[in-house]
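Enquirer: This is the structure I want to talk about, given as structure tokens.
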Amino acid sequence: MGLWGLLGRLPHLALRYFDSLRPGGPSAVDEAWAESFLVPGEVDLWRRLSDSDRRHLVKVARDVVGVLGDDERPVVAAALLHDVGKLGCGLGTMGRVVATLLIAATSSSRLVAWAGGGGFTGRVGRYFCHPESGAVLLEAAGSDAFTVTWAREHQNPSGSWSVDSRLAEVLADADR
């Protein structure tokens with residue numbers, strides 16, 4: 001992302017930070033709505049996500065459905081689970097803040113190397129690598145190829161996505 005990329009994402013990141021301080025997960029209605037789009041293996045992953053991540057992902061998915069409708073279950077599942085790879089990083093809110101700053105100032109190759117290690121730098125590396133980790137989790141959960149691919153590519157630059165560009169733009173816009 002680099003420092004300039006971080007600056008462009010500050011409004012989104014600030015909103016995510018302040019939202020993460022609120023206790024509790026999505027409402028029971030939102031939980032049931034979200035789970036209605038997920039296959040059983042995906043539900044298991046969904047339920048392991050943090051309260052604040054699930055609240056954010058419901059918002060993303062509802063925004064996607066507001067634009068595209070709810071006919072495409074794999075697209076809604078992609079909105080709900082694109083950040084599932086963050087399960088493996090073991091970072092809370094403040095750790096993610098520090099990790100985001102470190103990621104902006106550290107080379108990709110170093111971050112990937114950190115991902116295999118222990119301690120805080122290992123968690124930062126795994127946080128950086130969450131798109132690939134999420135794709136692996138989703139494949140194992142029996143997710144649709146679209147859902148898996150979006151998890152893997154959701155942080156790639158626009159235009160480098162292998163999924164339908166119109167769907168990708170809607171998903172990316174909803175996550176901003």
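Simple scheme: letters A, B, ... for chains in structure tokens order, numbers from 1 for residues in each chain, numbers from 1 for ligands in the order shown.
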Under the rule of at most 12 Å, produce a per-residue listing of stretch 25-134 of chain A near stretch 161-171 of chain A: chain, number, name, the closest pair of atoms, and the distance in Å, as JSON lines, using only C-alpha atoms.

Expert:
{"residue": "A:Leu57", "atom": "CA", "partner": "A:Leu171", "partner_atom": "CA", "distance": 10.9}
{"residue": "A:Lys59", "atom": "CA", "partner": "A:Leu171", "partner_atom": "CA", "distance": 11.3}
{"residue": "A:Val60", "atom": "CA", "partner": "A:Leu171", "partner_atom": "CA", "distance": 7.6}
{"residue": "A:Ala61", "atom": "CA", "partner": "A:Leu171", "partner_atom": "CA", "distance": 8.2}
{"residue": "A:Arg62", "atom": "CA", "partner": "A:Leu171", "partner_atom": "CA", "distance": 10.5}
{"residue": "A:Asp63", "atom": "CA", "partner": "A:Leu171", "partner_atom": "CA", "distance": 8.5}
{"residue": "A:Val64", "atom": "CA", "partner": "A:Leu171", "partner_atom": "CA", "distance": 6.2}
{"residue": "A:Val65", "atom": "CA", "partner": "A:Val170", "partner_atom": "CA", "distance": 9.5}
{"residue": "A:Gly66", "atom": "CA", "partner": "A:Val170", "partner_atom": "CA", "distance": 10.0}
{"residue": "A:Val67", "atom": "CA", "partner": "A:Val170", "partner_atom": "CA", "distance": 7.4}
{"residue": "A:Leu68", "atom": "CA", "partner": "A:Val170", "partner_atom": "CA", "distance": 8.1}
{"residue": "A:Gly69", "atom": "CA", "partner": "A:Val170", "partner_atom": "CA", "distance": 11.4}
{"residue": "A:Glu72", "atom": "CA", "partner": "A:Leu167", "partner_atom": "CA", "distance": 10.2}
{"residue": "A:Pro74", "atom": "CA", "partner": "A:Leu167", "partner_atom": "CA", "distance": 11.0}
{"residue": "A:Val75", "atom": "CA", "partner": "A:Leu167", "partner_atom": "CA", "distance": 7.7}
{"residue": "A:Val76", "atom": "CA", "partner": "A:Leu171", "partner_atom": "CA", "distance": 8.9}
{"residue": "A:Ala77", "atom": "CA", "partner": "A:Leu171", "partner_atom": "CA", "distance": 10.8}
{"residue": "A:Ala78", "atom": "CA", "partner": "A:Leu171", "partner_atom": "CA", "distance": 8.2}
{"residue": "A:Ala79", "atom": "CA", "partner": "A:Leu171", "partner_atom": "CA", "distance": 6.4}
{"residue": "A:Leu80", "atom": "CA", "partner": "A:Leu171", "partner_atom": "CA", "distance": 10.1}
{"residue": "A:Leu81", "atom": "CA", "partner": "A:Leu171", "partner_atom": "CA", "distance": 11.5}
{"residue": "A:His82", "atom": "CA", "partner": "A:Leu171", "partner_atom": "CA", "distance": 9.6}

Enquirer: Just list as a PDB file with C-alpha atoms, in the first residue's frame whatever in stretch 12-129 of chain A DSSP marks as alpha helix (DSSP H).

Expert:
ATOM      1  CA  HIS A  12     -12.183   4.295   5.570  1.00  0.00           C
ATOM      2  CA  LEU A  13      -9.668   3.196   8.177  1.00  0.00           C
ATOM      3  CA  ALA A  14     -10.782   5.843  10.669  1.00  0.00           C
ATOM      4  CA  LEU A  15     -14.411   4.759  10.327  1.00  0.00           C
ATOM      5  CA  ARG A  16     -13.418   1.121  10.768  1.00  0.00           C
ATOM      6  CA  TYR A  17     -11.380   1.990  13.853  1.00  0.00           C
ATOM      7  CA  PHE A  18     -14.154   3.892  15.592  1.00  0.00           C
ATOM      8  CA  ASP A  19     -16.719   1.256  14.652  1.00  0.00           C
ATOM      9  CA  SER A  20     -14.465  -1.455  16.080  1.00  0.00           C
ATOM     10  CA  ALA A  28     -29.845 -11.014  15.245  1.00  0.00           C
ATOM     11  CA  VAL A  29     -31.701  -9.970  12.085  1.00  0.00           C
ATOM     12  CA  ASP A  30     -28.415  -9.078  10.338  1.00  0.00           C
ATOM     13  CA  GLU A  31     -26.779 -12.334  11.501  1.00  0.00           C
ATOM     14  CA  ALA A  32     -29.652 -14.415  10.125  1.00  0.00           C
ATOM     15  CA  TRP A  33     -29.698 -12.398   6.890  1.00  0.00           C
ATOM     16  CA  ALA A  34     -25.938 -12.885   6.404  1.00  0.00           C
ATOM     17  CA  GLU A  35     -25.997 -16.588   7.172  1.00  0.00           C
ATOM     18  CA  PRO A  40     -22.423 -24.490   5.950  1.00  0.00           C
ATOM     19  CA  GLY A  41     -18.617 -24.294   5.823  1.00  0.00           C
ATOM     20  CA  GLU A  42     -18.813 -20.549   5.281  1.00  0.00           C
ATOM     21  CA  VAL A  43     -21.182 -20.155   8.242  1.00  0.00           C
ATOM     22  CA  ASP A  44     -18.541 -21.789  10.446  1.00  0.00           C
ATOM     23  CA  LEU A  45     -15.952 -19.235   9.286  1.00  0.00           C
ATOM     24  CA  TRP A  46     -18.437 -16.346   9.610  1.00  0.00           C
ATOM     25  CA  ARG A  47     -19.149 -17.213  13.221  1.00  0.00           C
ATOM     26  CA  ARG A  48     -15.422 -17.152  14.059  1.00  0.00           C
ATOM     27  CA  ASP A  51     -17.995  -8.804  16.240  1.00  0.00           C
ATOM     28  CA  SER A  52     -16.663  -5.648  14.592  1.00  0.00           C
ATOM     29  CA  ASP A  53     -15.573  -7.518  11.452  1.00  0.00           C
ATOM     30  CA  ARG A  54     -19.031  -9.105  11.121  1.00  0.00           C
ATOM     31  CA  ARG A  55     -20.731  -5.702  11.572  1.00  0.00           C
ATOM     32  CA  HIS A  56     -18.499  -4.212   8.858  1.00  0.00           C
ATOM     33  CA  LEU A  57     -19.029  -7.144   6.500  1.00  0.00           C
ATOM     34  CA  VAL A  58     -22.822  -6.989   6.879  1.00  0.00           C
ATOM     35  CA  LYS A  59     -22.661  -3.314   5.909  1.00  0.00           C
ATOM     36  CA  VAL A  60     -20.537  -4.168   2.849  1.00  0.00           C
ATOM     37  CA  ALA A  61     -22.903  -6.972   1.833  1.00  0.00           C
ATOM     38  CA  ARG A  62     -26.024  -4.838   2.291  1.00  0.00           C
ATOM     39  CA  ASP A  63     -24.451  -2.120   0.128  1.00  0.00           C
ATOM     40  CA  VAL A  64     -23.641  -4.714  -2.543  1.00  0.00           C
ATOM     41  CA  VAL A  65     -27.205  -6.075  -2.448  1.00  0.00           C
ATOM     42  CA  GLY A  66     -28.500  -2.500  -2.686  1.00  0.00           C
ATOM     43  CA  VAL A  67     -26.726  -2.140  -6.027  1.00  0.00           C
ATOM     44  CA  LEU A  68     -26.873  -5.658  -7.480  1.00  0.00           C
ATOM     45  CA  ARG A  73     -25.306 -15.814  -3.651  1.00  0.00           C
ATOM     46  CA  PRO A  74     -21.539 -16.161  -4.328  1.00  0.00           C
ATOM     47  CA  VAL A  75     -21.205 -12.377  -4.755  1.00  0.00           C
ATOM     48  CA  VAL A  76     -22.991 -11.672  -1.468  1.00  0.00           C
ATOM     49  CA  ALA A  77     -20.895 -14.381   0.200  1.00  0.00           C
ATOM     50  CA  ALA A  78     -17.789 -12.668  -1.194  1.00  0.00           C
ATOM     51  CA  ALA A  79     -18.901  -9.396   0.396  1.00  0.00           C
ATOM     52  CA  LEU A  80     -19.502 -11.165   3.701  1.00  0.00           C
ATOM     53  CA  LEU A  81     -16.278 -13.191   3.763  1.00  0.00           C
ATOM     54  CA  THR A  93      -8.034  -3.403  17.169  1.00  0.00           C
ATOM     55  CA  MET A  94      -4.875  -1.669  18.359  1.00  0.00           C
ATOM     56  CA  GLY A  95      -2.670  -4.384  16.881  1.00  0.00           C
ATOM     57  CA  ARG A  96      -4.365  -3.871  13.522  1.00  0.00           C
ATOM     58  CA  VAL A  97      -3.761  -0.118  13.734  1.00  0.00           C
ATOM     59  CA  VAL A  98      -0.046  -0.677  14.333  1.00  0.00           C
ATOM     60  CA  ALA A  99       0.050  -3.415  11.682  1.00  0.00           C
ATOM     61  CA  THR A 100      -1.526  -1.093   9.105  1.00  0.00           C
ATOM     62  CA  LEU A 101       1.177   1.514   9.760  1.00  0.00           C
ATOM     63  CA  LEU A 102       3.948  -1.105   9.583  1.00  0.00           C
ATOM     64  CA  ILE A 103       2.534  -2.555   6.378  1.00  0.00           C
ATOM     65  CA  ALA A 104       2.571   0.907   4.771  1.00  0.00           C
ATOM     66  CA  SER A 108       5.831  -6.790   0.500  1.00  0.00           C
ATOM     67  CA  SER A 109       8.617  -9.368   0.408  1.00  0.00           C
ATOM     68  CA  ARG A 110       9.537  -8.671   4.026  1.00  0.00           C
ATOM     69  CA  LEU A 111       5.870  -8.864   5.113  1.00  0.00           C
ATOM     70  CA  VAL A 112       5.446 -12.217   3.364  1.00  0.00           C
ATOM     71  CA  ALA A 113       8.590 -13.480   5.101  1.00  0.00           C
ATOM     72  CA  TRP A 114       7.256 -12.283   8.469  1.00  0.00           C
ATOM     73  CA  ALA A 115       4.001 -14.209   7.921  1.00  0.00           C
ATOM     74  CA  GLY A 119       5.532 -12.923  17.636  1.00  0.00           C
ATOM     75  CA  PHE A 120       4.083  -9.612  16.648  1.00  0.00           C
ATOM     76  CA  THR A 121       5.855  -9.394  13.281  1.00  0.00           C
ATOM     77  CA  GLY A 122       4.461 -12.824  12.375  1.00  0.00           C
ATOM     78  CA  ARG A 123       0.952 -11.586  13.152  1.00  0.00           C
ATOM     79  CA  VAL A 124       1.587  -8.438  11.068  1.00  0.00           C
ATOM     80  CA  GLY A 125       2.765 -10.598   8.171  1.00  0.00           C
ATOM     81  CA  ARG A 126      -0.309 -12.806   8.428  1.00  0.00           C
ATOM     82  CA  TYR A 127      -2.515  -9.718   8.540  1.00  0.00           C
ATOM     83  CA  PHE A 128      -0.846  -8.518   5.323  1.00  0.00           C
TER      84      PHE A 128
END

Enquirer: Given only C-alpha atoms as the basis, pick out the residue of A:Val148, A:Gly90, A:Ser143, A:Ser50 nearest to A:Arg22.

Expert: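 Checking each candidate against A:Arg22, we get A:Ser50 as the closest.
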
Enquirer: In Å, with one decimal, what is the gap from atom CA of A:Gly92 to atom CA of A:Asp144?

Expert: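 Here the two named atoms are 29.0 Å from each other.
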
Enquirer: Which residues are near A:Gln155? Cut-off 10 Å, only C-alpha atoms, ignore same chain within fewer than 6 positions. Put them as a VMD selection string.

Expert: chain A and resid 1 82 to 83 130 to 131 161 172

Enquirer: Grab the atom CA of A:Pro23 to atom CA of A:Ser36 distance for me, in Å with one decimal place.

Expert: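 Those two atoms sit 23.7 Å apart.
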